[in-house]
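To keep things clear, I will list the structure first and then write my remarks on it.
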Amino acid sequence: MALDVILVRLLVVAAVASVLPVPGRADAGAGLAVGFYNKTCPRAEELVLEEMRDIVHGDPTLGPALLRLLFHDCFVRGCDGSIMLKSKSKTGERDAMPMSASLRGFDEVERIKAKLEDACPLTVSCADIIIMAARDAVYLTNGPRFPVETGRRDGKVSLSIDAENDLAPPNANIVDLKTYFSVKNLSWKDLVVLSGSHTIGRAQCMAFAADRLYNNSGKGVQDPTLDKEYAPGLRELCEPGKKKDETKVYMDPESPYGFDLSYYQSVYGNRGLFVSDQALLDDKWTRHYVARMAAAESTEEYFKDYAAAMINMGRMEVITGGNGEIRKFCSAYVD
């Protein structure tokens with residue numbers, strides 16, 4: 001058989017395999033719906049928002065933390081609540097290092113779950129609670145409150161190796177970032193829009209200081225792309241050579257708890273905290289979007305884009321129908 005025929009057949013097989021569904025996982029949001037709980041737990045979204053108001057009022061840092069928790073859940077095995085599972089052998093997603101080292105919000109998800117269990121026992125999944133809480137975290141920091149699809153069920157598997165493989169590190173370049181997103185069926189636009197989540201919250205020095213301040217590309221120098229006036233302030237906060245520096249720094253110092261466009265203004269001005277923020281300027285499409293949002297007079301377009309990108313992310317590898325489970329306690333042990 002001719003080599004070109006063999007290659008064509010292999011390509012066809014690969015193409016077919018790539019669209020086959022993973023057992024128990026729904027295709028791109030199949031089985032999800034806005035208002036999924038309207039009949040079975042009609043106050044579900046209202047109860048989540050009530051709890052989130054109290055949580056964020058008590059500690060504003062928990063809003064961004066719960067938003068980050070959603071990203072860690074969805075990018076690893078899909079949006080299935082598996083980030084909540086505990087592992088006695090310390091091999092779960094929560095144990096992945098350094099990816100999950102500073103994750104917070106587990107107790108708050110459990111708090112919301114308890115409220116929903118009182119109202120509607122064994123009805124609302126942990127996976128849906130995480131995405132509703134993240135949506136409300138955005139809203140409570142003056143961002144958009146958009147409809148979210150619900151109907152996910154909870155996964156039963158949680159492995160640290162999956163988190164280590166599927167989460168983009170903060171020092172990822174633009175090629176790697178686009179790859180991490182594309183394998184999850186997310187586009188370059190989803191990448192640059194969802195990166196705007198860094199407009200709220202804090203990061204530990206150990207997540208960026210070496211690459212941006214002290215040892216860029218292993219050369220013992222500051223990242224040459226970092227704004228020279230911004231760098232000294234970061235150096236005052238982050239010690240050189242301290243590998244586990246847990247000092248917290250605002251990702252968007254202009255408005256650390258305001259969901260707005262200042263993140264894009266910072267990135268366009270070479271003041272992004274992470275290498276992965278700066279990397280958005282290394283691709284013509286993402287750079288153009290950053291520039292446009294940095295100059296925008298209104299958040300209207302961005303808020304619309306953000307809602308669409310969050311919906312896209314929320315559809316990744318979801319479990320629906322009779323698959324998975326609805327747990328009474330989100331932080332159950334997986335082993």
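A note on labels: chains of the structure tokens are A, B, ... as shown, every chain counts residues from 1, and ligands are counted from 1 in their shown order.
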
- Task: Using DSSP on the backbone coordinates, identify all residues within region 4-202 of chain A classified as alpha helix (DSSP H); present the result as a PyMOL selection string.
- Result: chain A and resi 4-19+44-58+62-75+106-119+126-139+160-166+174-182+188-194

- Close residues, Glu50 (chain A) itself excluded, 12 Å, only C-alpha atoms, min 5 positions apart in chain, as a PyMOL selection string: chain A and resi 43-45+55-57+111-112+115-116+132-133+136-137+140

- Contact residues around region 98-106 of chain A with only C-alpha atoms at 9 Å, ignoring same-chain residues under 6 positions, as a VMD selection string: chain A and resid 62 to 63 65 to 66 68 to 69 72 83 to 84 163 to 164 167 to 169 203 to 204 207 246 330 to 331

How about saving the chosen residues, all heavy atoms kept, as a compact mmCIF listing (two decimals), in the first residue's frame?
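And here's out-v1.txt as it stands now:
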```
# COMPACT_ATOMS: atom_id res chain seq x y z
N LEU A 62 -11.45 36.13 49.48
CA LEU A 62 -12.05 34.83 49.14
C LEU A 62 -12.79 34.85 47.81
O LEU A 62 -12.99 33.81 47.19
CB LEU A 62 -12.98 34.36 50.26
CG LEU A 62 -12.25 33.83 51.50
CD1 LEU A 62 -13.21 33.67 52.67
CD2 LEU A 62 -11.58 32.49 51.17
N GLY A 63 -13.21 36.02 47.33
CA GLY A 63 -13.83 36.08 46.02
C GLY A 63 -12.87 35.62 44.93
O GLY A 63 -13.15 34.67 44.19
N ALA A 65 -10.21 33.95 45.32
CA ALA A 65 -9.79 32.57 45.62
C ALA A 65 -10.78 31.56 45.06
O ALA A 65 -10.39 30.52 44.51
CB ALA A 65 -9.65 32.38 47.14
N LEU A 66 -12.06 31.86 45.15
CA LEU A 66 -13.08 30.95 44.64
C LEU A 66 -13.12 30.98 43.11
O LEU A 66 -13.44 29.97 42.48
CB LEU A 66 -14.44 31.30 45.23
CG LEU A 66 -14.59 30.85 46.69
CD1 LEU A 66 -15.70 31.62 47.39
CD2 LEU A 66 -14.86 29.35 46.76
N ARG A 68 -10.41 31.37 41.29
CA ARG A 68 -9.25 30.54 40.94
C ARG A 68 -9.58 29.05 41.11
O ARG A 68 -9.16 28.22 40.31
CB ARG A 68 -8.06 30.91 41.82
CG ARG A 68 -6.80 30.12 41.51
CD ARG A 68 -5.69 30.40 42.49
NE ARG A 68 -4.53 29.56 42.23
CZ ARG A 68 -3.64 29.22 43.15
NH1 ARG A 68 -3.78 29.65 44.39
NH2 ARG A 68 -2.62 28.45 42.83
N LEU A 69 -10.36 28.73 42.15
CA LEU A 69 -10.72 27.34 42.39
C LEU A 69 -11.47 26.76 41.20
O LEU A 69 -11.28 25.59 40.84
CB LEU A 69 -11.58 27.24 43.65
CG LEU A 69 -11.75 25.84 44.26
CD1 LEU A 69 -10.43 25.30 44.80
CD2 LEU A 69 -12.80 25.88 45.37
N HIS A 72 -9.00 25.74 38.47
CA HIS A 72 -8.29 24.50 38.82
C HIS A 72 -9.21 23.29 38.70
O HIS A 72 -8.75 22.20 38.36
CB HIS A 72 -7.73 24.60 40.24
CG HIS A 72 -6.45 25.36 40.31
ND1 HIS A 72 -5.25 24.77 40.61
CD2 HIS A 72 -6.17 26.68 40.09
CE1 HIS A 72 -4.28 25.68 40.59
NE2 HIS A 72 -4.83 26.85 40.28
N ILE A 83 -11.74 18.84 42.29
CA ILE A 83 -10.75 19.59 43.05
C ILE A 83 -11.07 19.55 44.54
O ILE A 83 -10.19 19.75 45.39
CB ILE A 83 -10.69 21.06 42.56
CG1 ILE A 83 -9.54 21.83 43.22
CG2 ILE A 83 -12.02 21.78 42.81
CD1 ILE A 83 -8.18 21.29 42.94
N MET A 84 -12.32 19.29 44.89
CA MET A 84 -12.73 19.27 46.29
C MET A 84 -12.38 17.97 47.00
O MET A 84 -12.31 17.92 48.24
CB MET A 84 -14.25 19.49 46.39
CG MET A 84 -14.73 20.86 45.97
SD MET A 84 -14.12 22.20 47.03
CE MET A 84 -14.82 21.73 48.62
N ALA A 163 -3.39 17.32 37.55
CA ALA A 163 -3.21 18.75 37.77
C ALA A 163 -1.83 19.20 37.29
O ALA A 163 -1.68 20.27 36.69
CB ALA A 163 -3.39 19.08 39.25
N GLU A 164 -0.82 18.38 37.55
CA GLU A 164 0.54 18.72 37.15
C GLU A 164 0.67 18.79 35.62
O GLU A 164 1.47 19.57 35.10
CB GLU A 164 1.52 17.71 37.73
CG GLU A 164 1.63 17.81 39.26
CD GLU A 164 2.17 16.55 39.90
OE1 GLU A 164 2.57 15.62 39.16
OE2 GLU A 164 2.19 16.48 41.14
N LEU A 167 -2.51 21.98 34.09
CA LEU A 167 -2.55 23.39 34.48
C LEU A 167 -1.33 24.13 33.94
O LEU A 167 -0.20 23.72 34.18
CB LEU A 167 -2.61 23.52 36.01
CG LEU A 167 -3.91 23.05 36.66
CD1 LEU A 167 -3.74 22.98 38.17
CD2 LEU A 167 -5.08 23.95 36.30
N ALA A 168 -1.58 25.21 33.24
CA ALA A 168 -0.47 26.01 32.70
C ALA A 168 0.28 26.67 33.85
O ALA A 168 -0.34 27.30 34.72
CB ALA A 168 -1.00 27.06 31.74
N PRO A 169 1.61 26.58 33.88
CA PRO A 169 2.38 27.24 34.93
C PRO A 169 2.42 28.74 34.70
O PRO A 169 2.23 29.21 33.57
CB PRO A 169 3.77 26.62 34.79
CG PRO A 169 3.86 26.22 33.35
CD PRO A 169 2.47 25.81 32.95
N ALA A 203 -1.18 37.02 44.43
CA ALA A 203 -0.35 35.87 44.12
C ALA A 203 0.85 35.86 45.06
O ALA A 203 1.28 36.92 45.54
CB ALA A 203 0.13 35.93 42.67
N GLN A 204 1.37 34.68 45.34
CA GLN A 204 2.55 34.58 46.18
C GLN A 204 3.81 34.87 45.38
O GLN A 204 3.91 34.53 44.19
CB GLN A 204 2.62 33.18 46.80
CG GLN A 204 1.48 32.89 47.76
CD GLN A 204 1.57 31.50 48.37
OE1 GLN A 204 2.19 30.60 47.80
NE2 GLN A 204 0.94 31.32 49.52
N ALA A 207 5.48 32.40 43.00
CA ALA A 207 4.87 32.08 41.71
C ALA A 207 5.43 32.91 40.57
O ALA A 207 5.24 32.56 39.40
CB ALA A 207 3.35 32.27 41.79
N GLU A 246 6.01 33.07 50.50
CA GLU A 246 4.55 33.11 50.48
C GLU A 246 4.00 34.53 50.61
O GLU A 246 2.79 34.71 50.76
CB GLU A 246 3.99 32.22 51.58
CG GLU A 246 4.34 30.74 51.39
CD GLU A 246 3.77 29.84 52.47
OE1 GLU A 246 3.15 30.38 53.43
OE2 GLU A 246 3.93 28.61 52.37
N CYS A 330 -18.79 17.87 49.76
CA CYS A 330 -17.92 18.02 48.60
C CYS A 330 -16.51 17.49 48.87
O CYS A 330 -15.86 16.94 47.99
CB CYS A 330 -17.84 19.51 48.21
SG CYS A 330 -19.44 20.19 47.68
N SER A 331 -16.04 17.66 50.11
CA SER A 331 -14.67 17.27 50.46
C SER A 331 -14.57 15.85 50.96
O SER A 331 -13.93 15.56 51.98
CB SER A 331 -14.11 18.25 51.50
OG SER A 331 -14.08 19.56 51.02
```

- Task: Can you check which residues of region 84-298 of chain A DSSP gives as strand (DSSP E) on the backbone and send them as a ChimeraX atom specification?
- Result: /A:149-150,202-204,248-250

- Find, counting only C-alpha atoms, the residue in A:Gly35, A:Gly201, A:Pro42, A:Pro64 that gets nearest to Val148 (chain A).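 Result for the nearest residue to Val148 (chain A): A:Gly35.
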
- Task: Give me, please, the distance in Å between CA of Ser82 (chain A) and CA of Pro121 (chain A), quoted to one decimal.
- Result: 19.7 Å

- Message: Nearest residue to Tyr214 (chain A) out of A:Cys238, A:Leu194, A:Val124, A:Val334, using only C-alpha atoms?
- Response: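 Checking each candidate against Tyr214 (chain A), we get A:Cys238 as the closest.
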
- Task: One decimal, Å: what's the distance from CA of Asp95 (chain A) over to CA of Asn171 (chain A), could you say?
- Result: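 Straight-line distance from CA of Asp95 (chain A) to CA of Asn171 (chain A) works out to 20.3 Å.
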
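When only C-alpha atoms are used to compute distances to Tyr37 (chain A), the closest of the residues A:Val109, A:Lys86, A:Arg152, A:Met52 turns out to be A:Arg152.
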
- Between A:Glu93, A:Pro144, A:Asp282, A:Leu85, single out the one closest to Lys304 (chain A), counting only C-alpha atoms.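 Nearest to Lys304 (chain A): A:Pro144.
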
- Item | A:Lys244, A:Asp176, A:Cys120, A:Ala127 ranked by distance to Asp283 (chain A), top pick (using only C-alpha atoms) |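 For Asp283 (chain A), the nearest of the given residues is A:Asp176.
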